[in-house]
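So this block is entry-v8.csv, CSV, C-alpha atoms:
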```csv
chain,number,residue,atom,x,y,z
A,1,MET,CA,131.8,114.8,94.4
A,2,ALA,CA,134.5,112.3,95.2
A,3,ASP,CA,133.5,108.9,96.3
A,4,LYS,CA,133.8,108.4,100.1
A,5,LYS,CA,136.3,105.9,101.1
A,6,VAL,CA,135.2,103.2,103.5
A,7,THR,CA,137.9,102.0,105.9
A,8,ALA,CA,138.7,98.3,106.1
A,9,SER,CA,137.6,98.3,109.8
A,10,ALA,CA,134.2,99.6,108.8
A,11,LYS,CA,133.8,96.9,106.2
A,12,ALA,CA,135.0,94.1,108.5
A,13,PRO,CA,132.2,91.8,109.6
A,14,GLN,CA,131.6,91.1,113.3
A,15,VAL,CA,132.9,88.0,115.0
A,16,MET,CA,130.4,85.2,114.3
A,17,GLN,CA,128.1,83.8,117.0
A,18,VAL,CA,126.8,80.3,116.8
A,19,GLU,CA,123.3,80.5,118.4
A,20,THR,CA,121.2,81.9,115.5
A,21,ASN,CA,123.2,80.8,112.5
A,22,ASP,CA,122.9,77.7,110.4
A,23,PHE,CA,126.0,75.7,109.9
A,24,VAL,CA,126.7,76.9,106.3
A,25,ASP,CA,126.7,80.5,107.7
A,26,LEU,CA,129.2,79.5,110.3
A,27,VAL,CA,131.8,78.2,107.8
A,28,PRO,CA,131.5,80.7,104.9
A,29,GLU,CA,133.7,80.4,101.9
A,30,THR,CA,134.7,84.0,101.0
A,31,ARG,CA,134.0,85.9,104.3
A,32,GLN,CA,136.3,88.8,105.0
A,33,ARG,CA,138.3,88.5,108.2
A,34,ALA,CA,136.7,89.9,111.3
A,35,HIS,CA,139.8,89.1,113.4
A,36,SER,CA,143.5,89.6,112.8
A,37,MET,CA,144.5,85.9,112.4
A,38,GLU,CA,148.2,86.0,111.9
A,39,GLY,CA,149.6,82.5,111.3
A,40,PHE,CA,146.2,80.9,110.8
A,41,ASP,CA,145.0,79.2,107.6
A,42,ASP,CA,143.4,81.5,105.1
A,43,CYS,CA,140.0,79.8,105.4
A,44,TYR,CA,139.5,81.1,108.9
A,45,SER,CA,137.9,84.5,109.2
A,46,ASP,CA,137.8,84.7,113.0
A,47,ILE,CA,138.4,82.5,116.1
A,48,VAL,CA,134.8,81.2,116.1
A,49,ASP,CA,135.0,80.2,112.5
A,50,TYR,CA,138.3,78.5,113.3
A,51,ILE,CA,137.1,76.3,116.2
A,52,ILE,CA,133.8,75.4,114.4
A,53,ARG,CA,135.3,74.7,111.0
A,54,CYS,CA,138.3,72.6,112.1
A,55,THR,CA,136.2,70.6,114.6
A,56,HIS,CA,133.7,69.8,111.8
A,57,LYS,CA,136.5,68.8,109.4
A,58,ILE,CA,138.2,66.6,111.9
A,59,TRP,CA,135.2,64.9,113.4
A,60,ASP,CA,132.3,65.1,110.8
A,61,GLU,CA,134.3,65.0,107.6
A,62,ARG,CA,136.8,62.5,109.1
A,63,ASP,CA,139.9,64.5,108.1
A,64,VAL,CA,141.7,63.3,111.3
A,65,GLY,CA,145.0,64.2,109.7
A,66,LEU,CA,144.2,67.9,110.2
A,67,ILE,CA,145.2,67.3,113.9
A,68,TYR,CA,148.8,67.4,112.6
A,69,THR,CA,148.4,71.0,111.4
A,70,HIS,CA,146.0,72.1,114.2
A,71,TYR,CA,147.7,70.7,117.3
A,72,THR,CA,151.3,71.2,118.5
A,73,HIS,CA,153.4,68.0,118.7
A,74,ASN,CA,153.6,68.4,122.5
A,75,CYS,CA,149.9,69.4,123.1
A,76,VAL,CA,148.4,68.5,126.4
A,77,LEU,CA,144.8,67.3,126.5
A,78,TYR,CA,143.1,67.0,129.9
A,79,GLY,CA,140.1,64.7,129.9
A,80,THR,CA,137.8,63.2,132.6
A,81,MET,CA,139.5,59.8,132.4
A,82,GLY,CA,143.1,60.9,132.1
A,83,THR,CA,145.6,63.2,130.3
A,84,MET,CA,147.2,62.9,126.9
A,85,TYR,CA,150.6,64.6,126.4
A,86,ASN,CA,151.3,64.5,122.7
A,87,ARG,CA,149.6,64.8,119.3
A,88,GLU,CA,149.9,61.2,118.3
A,89,ASP,CA,147.8,60.2,121.3
A,90,VAL,CA,145.1,62.7,120.2
A,91,VAL,CA,145.1,61.2,116.7
A,92,ARG,CA,144.7,57.7,118.0
A,93,ASP,CA,142.0,58.6,120.5
A,94,THR,CA,140.0,60.5,117.8
A,95,ILE,CA,140.2,57.4,115.5
A,96,GLN,CA,139.0,55.1,118.3
A,97,ARG,CA,136.0,57.3,119.1
A,98,LEU,CA,135.1,57.4,115.4
A,99,VAL,CA,135.3,53.6,115.3
A,100,SER,CA,132.9,53.2,118.2
A,101,LEU,CA,130.4,55.9,117.1
A,102,PRO,CA,130.7,56.1,113.3
A,103,GLU,CA,127.4,58.0,112.9
A,104,ARG,CA,128.0,60.7,115.5
A,105,ARG,CA,127.7,64.3,114.5
A,106,GLY,CA,128.7,67.2,116.6
A,107,LEU,CA,126.4,70.2,116.4
A,108,ALA,CA,127.9,73.5,117.4
A,109,THR,CA,125.8,75.0,120.2
A,110,SER,CA,127.9,77.9,121.5
A,111,VAL,CA,131.4,79.4,121.5
A,112,ILE,CA,132.6,81.8,124.2
A,113,TRP,CA,136.1,83.2,123.7
A,114,ASN,CA,138.7,85.8,124.6
A,115,GLY,CA,142.3,86.7,123.5
A,116,ASP,CA,143.9,87.6,120.3
A,117,ASP,CA,146.4,86.3,117.7
A,118,LYS,CA,149.4,87.9,119.4
A,119,ASN,CA,149.0,86.3,122.9
A,120,GLY,CA,146.8,83.5,121.9
A,121,PHE,CA,143.0,82.8,121.9
A,122,TYR,CA,141.0,80.8,124.4
A,123,THR,CA,137.7,79.2,123.3
A,124,SER,CA,135.0,77.4,125.2
A,125,HIS,CA,133.1,75.3,122.6
A,126,LEU,CA,129.8,73.7,123.6
A,127,VAL,CA,128.7,70.8,121.3
A,128,THR,CA,125.6,68.7,121.2
A,129,GLY,CA,126.5,65.2,119.8
A,130,THR,CA,123.9,62.9,118.3
A,131,GLY,CA,124.1,59.5,116.6
A,132,ARG,CA,123.6,55.7,117.0
A,133,TYR,CA,125.8,53.0,118.3
A,134,THR,CA,126.2,51.0,115.1
A,135,GLN,CA,129.7,49.5,115.3
A,136,ASN,CA,131.4,47.4,118.0
A,137,GLY,CA,133.9,49.4,120.0
A,138,HIS,CA,134.8,50.5,123.5
A,139,PHE,CA,131.2,50.4,124.6
A,140,GLY,CA,130.9,46.7,123.7
A,141,LYS,CA,128.6,45.1,121.1
A,142,ALA,CA,126.8,47.5,118.9
A,143,ASN,CA,123.0,47.7,119.4
A,144,GLY,CA,121.9,50.5,117.1
A,145,ARG,CA,120.4,52.6,119.8
A,146,PRO,CA,120.4,56.4,119.4
A,147,PHE,CA,122.0,58.8,121.8
A,148,VAL,CA,122.4,62.5,122.4
A,149,SER,CA,124.9,64.1,124.8
A,150,ARG,CA,126.8,67.3,125.4
A,151,THR,CA,130.5,68.1,125.4
A,152,VAL,CA,132.5,71.2,126.1
A,153,ALA,CA,136.0,71.6,124.9
A,154,ASP,CA,138.2,74.5,126.1
A,155,CYS,CA,141.2,75.2,123.9
A,156,MET,CA,144.3,77.5,124.0
A,157,ILE,CA,145.3,78.4,120.5
A,158,LEU,CA,148.2,80.2,118.9
A,159,ARG,CA,149.0,80.5,115.2
A,160,ASN,CA,146.5,77.9,114.0
A,161,LYS,CA,147.6,75.3,116.6
A,162,ILE,CA,145.9,74.1,119.8
A,163,TYR,CA,148.5,73.6,122.4
A,164,ARG,CA,146.3,72.9,125.4
A,165,GLU,CA,142.8,71.5,125.7
A,166,TRP,CA,140.3,70.5,128.3
A,167,VAL,CA,137.5,68.2,127.3
A,168,VAL,CA,134.4,67.3,129.4
A,169,SER,CA,132.1,64.8,127.6
A,170,ASP,CA,129.0,63.5,129.3
A,171,GLN,CA,129.8,59.8,128.7
A,172,MET,CA,127.3,58.7,131.4
A,173,ALA,CA,124.5,60.1,129.3
A,174,ILE,CA,125.6,58.0,126.4
A,175,ILE,CA,126.0,54.7,128.1
A,176,LEU,CA,122.6,55.0,129.9
A,177,GLN,CA,120.9,55.7,126.6
A,178,LEU,CA,122.7,52.7,125.0
A,179,GLY,CA,121.4,50.5,127.8
A,180,ILE,CA,124.8,49.7,129.3
A,181,ASP,CA,125.2,48.9,133.0
A,182,PRO,CA,127.1,51.9,134.4
A,183,HIS,CA,128.6,49.9,137.3
A,184,GLY,CA,129.9,47.1,135.1
A,185,TYR,CA,131.3,49.5,132.6
A,186,ALA,CA,132.9,51.6,135.3
A,187,GLU,CA,134.5,48.6,136.9
A,188,LYS,CA,135.9,47.5,133.6
A,189,ILE,CA,137.6,50.9,133.1
A,190,ALA,CA,138.8,51.0,136.7
A,191,ALA,CA,140.3,47.5,136.4
A,192,SER,CA,142.2,48.6,133.3
A,193,LYS,CA,143.5,51.7,135.1
A,194,LEU,CA,144.6,49.6,138.1
A,195,SER,CA,146.5,47.2,135.8
A,196,GLN,CA,148.4,50.2,134.5
A,197,GLY,CA,149.5,51.0,138.0
A,198,LEU,CA,147.0,53.8,138.7
A,199,LYS,CA,145.2,53.9,142.0
A,200,SER,CA,143.4,57.2,141.6
A,201,LEU,CA,142.6,59.7,138.9
A,202,ASP,CA,142.6,62.8,141.1
A,203,ILE,CA,145.2,65.5,141.3
A,204,GLY,CA,145.4,66.6,144.9
A,205,GLU,CA,143.8,66.9,148.4
A,206,ASN,CA,141.0,69.4,148.8
A,207,GLY,CA,141.4,72.5,150.9
A,208,LEU,CA,137.9,73.5,152.0
A,209,MET,CA,138.8,73.7,155.7
A,210,LEU,CA,142.2,74.2,157.3
A,211,GLY,CA,142.1,73.2,161.0
A,212,GLN,CA,139.1,74.7,162.6
A,213,TYR,CA,138.6,77.6,160.2
A,214,PRO,CA,135.4,77.9,158.1
A,215,VAL,CA,135.5,78.4,154.3
A,216,ALA,CA,136.8,81.8,153.2
A,217,GLU,CA,134.2,84.5,152.8
A,218,GLY,CA,135.8,86.0,149.8
A,219,VAL,CA,137.1,84.5,146.5
A,220,ASP,CA,140.1,85.1,144.3
A,221,THR,CA,138.8,87.0,141.3
A,222,SER,CA,142.2,87.6,139.7
A,223,ILE,CA,141.2,85.4,136.6
A,224,ALA,CA,138.2,87.7,135.9
A,225,ASN,CA,138.4,90.2,133.0
A,226,ASN,CA,135.4,92.4,133.9
A,227,ASP,CA,132.8,93.1,136.5
A,228,LEU,CA,130.3,90.5,135.3
A,229,GLU,CA,133.0,87.8,135.4
A,230,ARG,CA,133.9,88.9,139.0
A,231,LYS,CA,130.3,88.7,140.0
A,232,THR,CA,130.0,85.2,138.5
A,233,LEU,CA,133.0,84.0,140.5
A,234,GLU,CA,131.7,85.5,143.7
A,235,MET,CA,128.3,83.8,143.1
A,236,LEU,CA,129.8,80.4,142.4
A,237,HIS,CA,132.0,80.6,145.5
A,238,ALA,CA,129.0,81.5,147.7
A,239,ILE,CA,126.8,78.7,146.3
A,240,TYR,CA,129.3,75.8,146.1
A,241,ASN,CA,131.9,76.6,148.8
A,242,ARG,CA,129.9,78.6,151.4
A,243,LYS,CA,126.7,76.6,150.7
A,244,MET,CA,124.6,79.7,150.4
A,245,PHE,CA,122.1,78.2,148.1
A,246,GLY,CA,119.8,81.2,148.4
A,247,GLU,CA,122.2,82.9,146.0
A,248,ILE,CA,120.6,80.9,143.2
A,249,ARG,CA,117.3,82.7,143.9
A,250,ARG,CA,119.1,86.0,143.9
A,251,ASN,CA,121.0,85.4,140.7
A,252,TYR,CA,118.8,83.3,138.4
A,253,ALA,CA,115.7,84.6,136.6
A,254,PRO,CA,112.4,83.0,137.7
A,255,THR,CA,112.0,81.6,134.2
A,256,CYS,CA,115.6,80.2,134.0
A,257,MET,CA,116.5,77.0,132.1
A,258,TYR,CA,119.1,74.5,133.2
A,259,HIS,CA,120.7,72.2,130.5
A,260,GLY,CA,122.6,69.7,132.5
A,261,PRO,CA,124.4,66.3,132.7
A,262,LEU,CA,122.4,63.2,131.5
A,263,MET,CA,120.7,65.6,129.1
A,264,LYS,CA,118.6,67.1,131.9
A,265,GLU,CA,116.4,70.0,130.9
A,266,LEU,CA,115.1,71.8,134.0
A,267,TYR,CA,113.0,74.9,134.4
A,268,GLY,CA,112.8,77.4,137.2
A,269,ILE,CA,114.8,78.3,140.3
A,270,ASN,CA,113.6,75.5,142.5
A,271,ALA,CA,114.7,72.8,139.9
A,272,VAL,CA,118.1,74.4,139.5
A,273,THR,CA,118.5,74.6,143.3
A,274,HIS,CA,117.6,71.0,143.7
A,275,GLN,CA,120.1,70.0,141.0
A,276,ILE,CA,123.0,71.9,142.6
A,277,ILE,CA,122.2,70.7,146.1
A,278,GLY,CA,122.2,67.2,144.7
A,279,LEU,CA,125.8,67.5,143.5
A,280,VAL,CA,127.0,69.2,146.6
A,281,GLY,CA,125.1,66.7,148.8
A,282,ALA,CA,127.1,63.8,147.3
A,283,LEU,CA,130.4,65.5,147.8
A,284,PRO,CA,129.7,67.8,150.8
A,285,ASP,CA,133.3,68.5,151.6
A,286,ALA,CA,134.2,69.4,148.0
A,287,VAL,CA,136.0,72.6,147.0
A,288,TYR,CA,134.8,74.3,143.9
A,289,SER,CA,137.7,75.9,142.1
A,290,PRO,CA,137.3,78.0,138.9
A,291,GLN,CA,140.2,77.6,136.5
A,292,HIS,CA,139.3,80.0,133.7
A,293,ILE,CA,136.6,82.4,132.9
A,294,CYS,CA,135.7,84.5,129.8
A,295,SER,CA,132.7,86.2,128.3
A,296,VAL,CA,131.2,87.6,125.1
A,297,PRO,CA,128.2,89.8,124.3
A,298,ASP,CA,125.4,87.6,123.0
A,299,ILE,CA,123.5,88.1,119.8
A,300,GLU,CA,120.3,87.2,121.6
A,301,GLY,CA,120.9,90.0,124.1
A,302,GLY,CA,122.9,90.1,127.3
A,303,THR,CA,126.2,88.3,127.9
A,304,LYS,CA,127.4,84.7,127.9
A,305,VAL,CA,130.1,83.7,130.5
A,306,ALA,CA,132.1,80.4,130.3
A,307,VAL,CA,133.7,78.9,133.4
A,308,ARG,CA,136.0,75.9,133.5
A,309,TRP,CA,136.1,74.5,137.1
A,310,VAL,CA,137.2,71.6,139.2
A,311,MET,CA,135.6,70.1,142.3
A,312,GLU,CA,137.5,67.8,144.7
A,313,GLY,CA,136.0,66.1,147.7
A,314,HIS,CA,134.8,62.8,149.1
A,315,HIS,CA,131.7,60.8,148.4
A,316,LEU,CA,130.3,61.3,151.9
A,317,GLY,CA,126.6,61.7,151.3
A,318,PHE,CA,123.5,61.0,149.2
A,319,GLY,CA,122.7,63.4,146.4
A,320,GLY,CA,121.7,63.7,142.8
A,321,LEU,CA,124.3,61.3,141.5
A,322,GLU,CA,121.9,58.3,141.5
A,323,SER,CA,124.4,55.8,140.1
A,324,PHE,CA,126.7,56.2,143.1
A,325,GLY,CA,124.5,54.5,145.7
A,326,ASP,CA,125.4,54.5,149.4
A,327,PRO,CA,128.3,56.9,150.4
A,328,THR,CA,131.7,55.2,149.9
A,329,GLY,CA,134.0,57.8,151.4
A,330,LYS,CA,136.2,57.7,148.3
A,331,ARG,CA,137.8,60.8,146.9
A,332,VAL,CA,136.4,62.2,143.7
A,333,GLN,CA,137.5,64.9,141.3
A,334,VAL,CA,135.1,66.5,138.9
A,335,MET,CA,136.2,68.6,136.0
A,336,GLY,CA,133.3,70.6,134.6
A,337,MET,CA,132.4,73.4,132.2
A,338,SER,CA,129.5,75.8,132.6
A,339,HIS,CA,128.1,78.5,130.2
A,340,PHE,CA,125.8,81.1,131.8
A,341,HIS,CA,123.6,83.5,129.8
A,342,PHE,CA,123.0,86.7,131.7
A,343,LYS,CA,120.2,89.1,130.8
A,344,ASP,CA,119.4,92.2,132.9
A,345,GLY,CA,121.7,90.9,135.6
A,346,LYS,CA,120.1,87.5,135.9
A,347,ILE,CA,121.0,84.1,134.6
A,348,VAL,CA,118.3,83.0,132.1
A,349,ASP,CA,120.1,79.9,130.8
A,350,GLU,CA,122.8,77.6,132.1
A,351,TRP,CA,124.6,74.8,130.3
A,352,THR,CA,126.7,72.6,132.6
A,353,VAL,CA,128.6,69.5,131.6
A,354,TYR,CA,130.4,67.0,133.9
A,355,ASP,CA,130.8,63.3,133.5
A,356,GLU,CA,129.2,61.1,136.2
A,357,LEU,CA,130.9,58.1,134.6
A,358,SER,CA,134.3,59.5,135.3
A,359,MET,CA,133.3,60.0,139.0
A,360,LEU,CA,132.0,56.5,139.2
A,361,VAL,CA,135.2,55.1,137.7
A,362,GLN,CA,137.2,56.9,140.4
A,363,ILE,CA,135.1,55.3,143.1
A,364,LYS,CA,135.4,51.9,141.6
A,365,LEU,CA,139.2,52.3,141.1
A,366,ALA,CA,139.6,53.3,144.8
A,367,GLN,CA,137.6,50.3,145.9
A,368,LEU,CA,139.6,47.9,143.7
A,369,ALA,CA,142.9,49.4,145.1
A,370,ASP,CA,141.6,48.7,148.6
A,371,LYS,CA,141.4,44.9,147.8
A,372,PRO,CA,144.5,42.9,148.7
A,373,SER,CA,146.4,41.3,145.9
A,374,ALA,CA,146.7,37.5,145.6
A,375,GLU,CA,150.2,37.6,147.0
A,376,GLU,CA,149.1,39.7,150.0
A,377,ALA,CA,146.1,37.4,150.6
A,378,LEU,CA,148.4,34.3,150.7
A,379,ALA,CA,151.1,35.8,152.8
```
What is this structure when it is put down as structure tokens?
Amino acid sequence: MADKKVTASAKAPQVMQVETNDFVDLVPETRQRAHSMEGFDDCYSDIVDYIIRCTHKIWDERDVGLIYTHYTHNCVLYGTMGTMYNREDVVRDTIQRLVSLPERRGLATSVIWNGDDKNGFYTSHLVTGTGRYTQNGHFGKANGRPFVSRTVADCMILRNKIYREWVVSDQMAIILQLGIDPHGYAEKIAASKLSQGLKSLDIGENGLMLGQYPVAEGVDTSIANNDLERKTLEMLHAIYNRKMFGEIRRNYAPTCMYHGPLMKELYGINAVTHQIIGLVGALPDAVYSPQHICSVPDIEGGTKVAVRWVMEGHHLGFGGLESFGDPTGKRVQVMGMSHFHFKDGKIVDEWTVYDELSMLVQIKLAQLADKPSAEEALA
């Protein structure tokens, strides 16, 4: 009997998932390609391998020069403190962060993606960072204290190069664990921004209400790729824009877990509801605007959905943002990333990252901009 031929597609491994694999399994040496990866370096077997491996090489192995082969010269990187518009700025920023936190290690937690090598991939990469503050840097004098924080980086990638990236890092979690006064640190950053001629970090007026009309009942789901993504967008619109907080009870499992800013670990629907109302309470006129959504089946069952979003509003109320204090009325923009794990139609886990420090800097910057200059005061 002739040997049966096995097709290449039958042999090809599945695209890797991060959650249940050890690091050495995520960056194998001789793994067969699970994706068509035209234009990518030979070492990458699929898009998850790519984003995990190159991030590790650049940040943990300190091969910062790989940025030159993994980012385009005119890449745009959107961060919570500002935007970078070229590769050299990305190189310099990376080096400065390694100077300040030389012991930091980034532990891959989850990667949700879509796309292909013809039109480009999109990845949403959740990282848990750990380390100690052992070298003087932009946080001030080193004190050796440990920290742990979460970061999500969303990347658009074509032919081995990242050409657009959004990064949300929970810097407030770090400075609080290092024992740094958040108000003093935020004022220092705000004063630096003001000296550069900036009076705000936001990108535009919110549009929650036009005239006397209430918020729209429906939501634009054109960015969704399937029914679950459409359901997710409709749920988020109902919760954050229409203030229908009962949707949390209807969409989250009773045993849900919430992994949030400042390394919060919350359990149950009531805790999640309180957390979300706290954010909305501080910015009650804010518009929640999803910018991108993608999803993948999860090796632990169900599906994981990644949403990149922006909220814009004014600090008009009290809420869960404890460092803000009394309402200031200042405009605030929040860029955030959320990963939702759905099982049997319910959310069992949520990972959400936004940076409270960025929001506090925006308030301080607006307050500094309100103060008259010395020339104005003497006029």
### Task
Name the closest residue to A:Arg145 among the candidates A:His339, A:His315, A:Arg104, A:His56; distances are taken between atoms, counting only C-alpha atoms.
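With only C-alpha atoms as the atom set, the closest residue is A:Arg104.
Interatomic distance, atom CA of A:Gly260 against atom CA of A:Trp351: 5.9 Å.
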### Task
Compile the contact shell of A:Thr303 as an MDAnalysis selection string: residues with an atom at most 10 Å away, counting only C-alpha atoms, same-chain residues fewer than 4 positions apart removed.
chainID A and resid 112 228 295:299 340:345 347
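Neighbours of stretch 87-99 of chain A closer than or equal to 8 Å, with only C-alpha atoms counted and sequence neighbours fewer than 4 positions away skipped, come out as Trp59, Val64, Gly65, Ile67, Tyr68, Tyr71, Thr72, His73, Asn74, Cys75, Leu77, Arg104, Gln135, Asn136 and Gly137 of chain A.
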### Distance in Å - atom CA of A:Leu107 versus atom CA of A:Thr255
25.6 Å
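Nearest to A:Asp41 of all the residues A:Tyr288, A:Met172, A:His70, A:Ser110 is A:His70, based on all atoms listed in the file.
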### Query
What lies within 10 Å of A:Gly39 using all atoms listed in the file, ignoring chain neighbours under 6 positions off, as number ranges by chain?
A: 117-118, 158-161
#### Entry: Residue list as a count of residues only for point (132.5, 88.5, 144.6), cut-off 12 Å, only C-alpha atoms
23
